[in-house]
Amino acid sequence: MDPRRVVITGVGVVSPLGVGKESFIEGFLSDRSGIDRIRGFDPVGLPCQVGGEVEEFKINEYVPKIYRKATKLMSRDIVLAVVAAELAIRDAGLKTKGTAPDEIANIDPRRSGVNIGAGLICCDLDELGIALEHAQHEGKFSYAKWGREGMESLTPLWLLKYLPNMQGCHISIIHDLQGPSNSITCAEASGLLAIGEAYRTIVRDKADMMVAGGAECKINPMGLLRQCLLGRVATRYNDRPDQACRPFDRQADGCVMAEGGGIVILEERQRARRRGARIYGEITGFGASNNFSGDFIRPDDGAAGVVIALQKALDEAQLTGDEIRLLIPHGSAIAEHDRAEAQAIRSVFGPAAAALPVVATKSRIGNSGAGASALDLVAAVLSLQEDVIPANRNCPEPPPEYGLNLPDTTIRSAGIRNAMCCCYTYGGQTAAAVVQRPDSR
């Protein structure tokens with residue numbers, strides 16, 4: 001019996017470049033940046049005052065009327081995931097309880113599931129501030145008053161806005177997806193790990209369709225302050241926001257935080273073909289690893305976790321390095337991490353690394369945490385569809401020792417048959433995936 005094959009039939013994007021796949025790919029091809037001075041709150045006093053924010057949209061336009069009351073229990077992270085999922089499901093031409101409540105569904109709910117990558121959802125300061133005020137005693141925080149009065153200021157369902165599994169819960173309820181469900185919280189790797197697990201679920205014949213990806217909002221006072229204290233963010237470009245994030249560049253100054261979500265629809269190939277679905281590409285390889293060190297990802301250990309994940313994905317796809325035409329790396333714009341990742345890429349691809357086009361997305365859309373790696377996969381999928389390699393941004397001076405091919409102009413009619421993306425976290429979790437053109441096998 002032939003192994004089950006998994007294809008991508010829909011993509012949903014909510015990013016600093018706009019809402020929807022069209023604005024996402026247009027932003028890359030027009031060299032547009034989604035990074036600007038933070039508008040969601042006043043960042044004055046913070047060393048980093050720039051970020052990637054999503055343009056305004058109305059959540060009620062993306063959920064059925066009968067479910068709109070539940071949006072009051074959605075944090076920003078949940079909203080991003082729900083909207084991206086709605087866009088992906090519609091893009092795939094799927095009829096669910098959420099997209100077509102008055103029509104017959106073209107999915108089997110029992111064979112359809114959800115895997116969503118989520119991050120640490122920061123509390124709304126307006127809500128938390130009132131509760132903390134009630135917990136003060138003689139100018140200091142009192143645990144006793146917090147228990148008696150502070151928590152009483154929070155709504156009874158307050159916690160449901162901040163549980164990371166609630167992204168998948170809302171999506172599955174809205175669209176009546178009764179199959180396997182999982183939530184993965186591994187920082188930036190979350191989205192790609194969720195997609196990889198969904199891919200495996202279909203291969204194992206435990207589902208025929210999976211909604212998978214990740215979303216997170218890293219633009220909030222508490223989250224940004226944490227990154228500032230850890231020294232991970234860019235601080236020298238507050239007056240030039242669109243130049244702040246510089247992956248693999250000599251002037252790299254740190255990452256730029258963002259918000260966003262990327263969701264893909266994965267289907268068993270024969271099922272997708274029977275229903276006449278448009279197929280963006282096929283996932284042919286996936287690899288994951290965990291390689292922790294005190295410095296998370298270090299040049300002196302060759303970023304071993306990245307090497308393991310990349311090699312696993314290539315091996316499963318039965319490809320050699322010179323058969324990959326596009327690589328979308330993590331590209332954090334933290335200089336020592338970029339150096340280590342470049343070393344890992346050279347280690348895996350060998351002589352082919354010098355010719356392999358490497359395109360870092362974060363220079364345009366920032367680092368959206370759990371949404372970042374899912375957005376990278378979407379970028380790879382859309383590049384396959386358009387047969388185009390977008391230009392890198394903010395990388396005029398890549399250090400020669402990196403040894404990477406970082407194109408500074410868009411390459412059209414690129415002849416892409418296989419693309420890869422990879423990601424890593426500060427905790428050592430790493431993931432990589434290979435996506436192939438649907439006509440390549």
# chains A, B, ... in the order shown; residues from 1 in each chain; ligands from 1
call {"tool": "residues_around", "arguments": {"residues": "Asn291 in chain A", "least_positions_apart": "3", "cutoff": "9 Å", "atoms": "only C-alpha atoms", "output": "mmCIF file with N, CA and C atoms, in the first residue's frame"}}
result
data_model
loop_
_atom_site.group_PDB
_atom_site.id
_atom_site.type_symbol
_atom_site.label_atom_id
_atom_site.label_comp_id
_atom_site.auth_asym_id
_atom_site.auth_seq_id
_atom_site.Cartn_x
_atom_site.Cartn_y
_atom_site.Cartn_z
ATOM 1 N N PHE A 296 21.691 28.650 24.059
ATOM 2 C CA PHE A 296 20.582 28.311 23.172
ATOM 3 C C PHE A 296 21.063 27.866 21.786
ATOM 4 N N ILE A 297 21.621 28.779 21.017
ATOM 5 C CA ILE A 297 22.126 28.401 19.698
ATOM 6 C C ILE A 297 23.494 29.048 19.558
ATOM 7 N N ALA A 303 25.303 24.995 15.788
ATOM 8 C CA ALA A 303 23.840 24.991 15.819
ATOM 9 C C ALA A 303 23.329 23.590 15.518
ATOM 10 N N ALA A 304 23.740 22.635 16.342
ATOM 11 C CA ALA A 304 23.484 21.216 16.074
ATOM 12 C C ALA A 304 22.006 20.908 15.884
ATOM 13 N N GLY A 305 21.138 21.574 16.644
ATOM 14 C CA GLY A 305 19.711 21.309 16.505
ATOM 15 C C GLY A 305 19.186 21.649 15.123
ATOM 16 N N VAL A 306 19.658 22.767 14.566
ATOM 17 C CA VAL A 306 19.247 23.160 13.218
ATOM 18 C C VAL A 306 19.744 22.142 12.201
ATOM 19 N N ILE A 308 20.319 18.952 12.683
ATOM 20 C CA ILE A 308 19.545 17.715 12.809
ATOM 21 C C ILE A 308 18.190 17.856 12.112
ATOM 22 N N GLY A 427 15.021 27.849 23.605
ATOM 23 C CA GLY A 427 15.044 26.657 24.440
ATOM 24 C C GLY A 427 15.588 25.433 23.751
ATOM 25 N N GLY A 428 15.934 25.546 22.461
ATOM 26 C CA GLY A 428 16.561 24.446 21.755
ATOM 27 C C GLY A 428 15.662 23.661 20.826
ATOM 28 N N GLN A 429 14.336 23.906 20.833
ATOM 29 C CA GLN A 429 13.454 23.197 19.906
ATOM 30 C C GLN A 429 13.685 23.713 18.487
ATOM 31 N N THR A 430 13.734 22.787 17.546
ATOM 32 C CA THR A 430 14.016 23.143 16.159
ATOM 33 C C THR A 430 13.108 22.337 15.242
#
call {"tool": "residues_around", "arguments": {"residues": "Tyr402 in chain A", "least_positions_apart": "4", "cutoff": "8 Å", "atoms": "only C-alpha atoms", "output": "PDB file with N, CA and C atoms, in the first residue's frame"}}
result
ATOM      1  N   PHE A 248      21.113  38.458   8.973  1.00  0.00           N
ATOM      2  CA  PHE A 248      22.327  38.104   8.227  1.00  0.00           C
ATOM      3  C   PHE A 248      23.071  39.315   7.670  1.00  0.00           C
ATOM      4  N   ARG A 339      24.861  33.937  12.808  1.00  0.00           N
ATOM      5  CA  ARG A 339      26.147  33.313  12.470  1.00  0.00           C
ATOM      6  C   ARG A 339      26.071  31.793  12.675  1.00  0.00           C
ATOM      7  N   ALA A 342      23.832  30.249   9.951  1.00  0.00           N
ATOM      8  CA  ALA A 342      24.554  30.185   8.674  1.00  0.00           C
ATOM      9  C   ALA A 342      25.515  29.002   8.664  1.00  0.00           C
ATOM     10  N   GLN A 343      26.174  28.784   9.786  1.00  0.00           N
ATOM     11  CA  GLN A 343      27.097  27.652   9.887  1.00  0.00           C
ATOM     12  C   GLN A 343      26.345  26.330   9.736  1.00  0.00           C
ATOM     13  N   PRO A 398      26.103  41.326   3.957  1.00  0.00           N
ATOM     14  CA  PRO A 398      26.220  40.061   4.701  1.00  0.00           C
ATOM     15  C   PRO A 398      27.688  39.730   4.937  1.00  0.00           C
TER      16      PRO A 398
END
call {"tool": "residues_around", "arguments": {"residues": "range 280-289 of chain A", "least_positions_apart": "4", "cutoff": "8 Å", "atoms": "only C-alpha atoms", "output": "PyMOL selection string"}}
result
chain A and resi 5-10+193+196+199+305-306+308-317+381-382+384-385+428-438
call {"tool": "residues_around", "arguments": {"residues": "range 83-93 of chain A", "least_positions_apart": "2", "cutoff": "9 Å", "atoms": "only C-alpha atoms", "output": "PyMOL selection string"}}
result
chain A and resi 8-14+19-21+59+61-63+78-81+95-96+98-99+106+171+175+211-213+215+260-265+277-279
call {"tool": "residues_around", "arguments": {"residues": "Ala131 in chain A", "least_positions_apart": "4", "cutoff": "8 Å", "atoms": "only C-alpha atoms", "output": "PyMOL selection string"}}
result
chain A and resi 127+135+146+149-154
call {"tool": "closest_residue", "arguments": {"among": "A:Gln243, A:Ser413, A:Ser383, A:Thr320", "to": "Cys395 in chain A", "atoms": "only C-alpha atoms"}}
result
A:Gln243
call {"tool": "select_by_dssp", "arguments": {"residues": "range 236-272 of chain A", "states": "alpha helix (DSSP H)", "output": "ChimeraX atom specification"}}
result
/A:269-272
call {"tool": "write_last_selection", "arguments": {"atoms": "N, CA and C atoms", "output": "JSON list (two decimals), in the first residue's frame"}}
result
[["chain", "number", "residue", "atom", "x", "y", "z"],
["A", 269, "ARG", "N", -3.79, 13.61, -0.11],
["A", 269, "ARG", "CA", -3.71, 14.00, -1.52],
["A", 269, "ARG", "C", -4.87, 13.47, -2.37],
["A", 270, "GLN", "N", -5.21, 12.21, -2.22],
["A", 270, "GLN", "CA", -6.27, 11.65, -3.05],
["A", 270, "GLN", "C", -7.62, 12.30, -2.74],
["A", 271, "ARG", "N", -7.86, 12.58, -1.46],
["A", 271, "ARG", "CA", -9.10, 13.26, -1.10],
["A", 271, "ARG", "C", -9.16, 14.64, -1.74],
["A", 272, "ALA", "N", -8.06, 15.37, -1.69],
["A", 272, "ALA", "CA", -8.01, 16.71, -2.27],
["A", 272, "ALA", "C", -8.25, 16.66, -3.78]]
call {"tool": "closest_residue", "arguments": {"among": "A:Val82, A:Glu267, A:Leu159, A:Asp176", "to": "Ala105 in chain A", "atoms": "only C-alpha atoms"}}
result
A:Asp176
call {"tool": "select_by_dssp", "arguments": {"residues": "range 20-244 of chain A", "states": "strand (DSSP E or B)", "output": "PDB file with C-alpha atoms, in the first residue's frame"}}
result
ATOM      1  CA  ILE A  35       7.546  47.327  10.508  1.00  0.00           C
ATOM      2  CA  ASP A  36       6.876  50.794  11.893  1.00  0.00           C
ATOM      3  CA  ARG A  37       6.792  52.682  15.168  1.00  0.00           C
ATOM      4  CA  VAL A  50       9.313  49.618  16.653  1.00  0.00           C
ATOM      5  CA  GLY A  51       7.387  46.492  15.736  1.00  0.00           C
ATOM      6  CA  GLY A  52       5.258  44.730  13.171  1.00  0.00           C
ATOM      7  CA  SER A 112     -10.901  16.757  10.444  1.00  0.00           C
ATOM      8  CA  GLY A 113      -8.732  18.242  13.168  1.00  0.00           C
ATOM      9  CA  VAL A 114      -6.760  21.209  14.445  1.00  0.00           C
ATOM     10  CA  ASN A 115      -3.111  21.706  15.428  1.00  0.00           C
ATOM     11  CA  ILE A 116      -2.218  25.233  16.484  1.00  0.00           C
ATOM     12  CA  GLY A 117       1.055  26.663  17.764  1.00  0.00           C
ATOM     13  CA  GLN A 136      -2.483  47.147  47.159  1.00  0.00           C
ATOM     14  CA  HIS A 137      -1.872  47.519  50.896  1.00  0.00           C
ATOM     15  CA  LYS A 140       2.729  47.350  48.275  1.00  0.00           C
ATOM     16  CA  PHE A 141       1.278  44.292  46.590  1.00  0.00           C
ATOM     17  CA  SER A 181      -6.688  18.403  18.296  1.00  0.00           C
ATOM     18  CA  ASN A 182      -3.411  19.611  19.733  1.00  0.00           C
ATOM     19  CA  SER A 183      -1.816  22.835  20.953  1.00  0.00           C
ATOM     20  CA  ILE A 184       1.958  23.247  20.843  1.00  0.00           C
ATOM     21  CA  MET A 209      -7.881  17.154   6.819  1.00  0.00           C
ATOM     22  CA  MET A 210      -6.085  19.284   9.378  1.00  0.00           C
ATOM     23  CA  VAL A 211      -6.109  23.013  10.095  1.00  0.00           C
ATOM     24  CA  ALA A 212      -2.569  23.787  11.236  1.00  0.00           C
ATOM     25  CA  GLY A 213      -0.258  26.705  11.924  1.00  0.00           C
ATOM     26  CA  GLY A 214       0.384  29.267  14.616  1.00  0.00           C
ATOM     27  CA  ALA A 215      -0.364  32.790  15.802  1.00  0.00           C
ATOM     28  CA  GLU A 216       0.854  35.147  18.471  1.00  0.00           C
ATOM     29  CA  CYS A 217       0.919  38.817  19.386  1.00  0.00           C
ATOM     30  CA  VAL A 233      15.702  43.483  20.376  1.00  0.00           C
TER      31      VAL A 233
END
call {"tool": "atom_distance", "arguments": {"atom1": "CA of Leu377 in chain A", "atom2": "CA of Asn220 in chain A"}}
result
24.9 Å
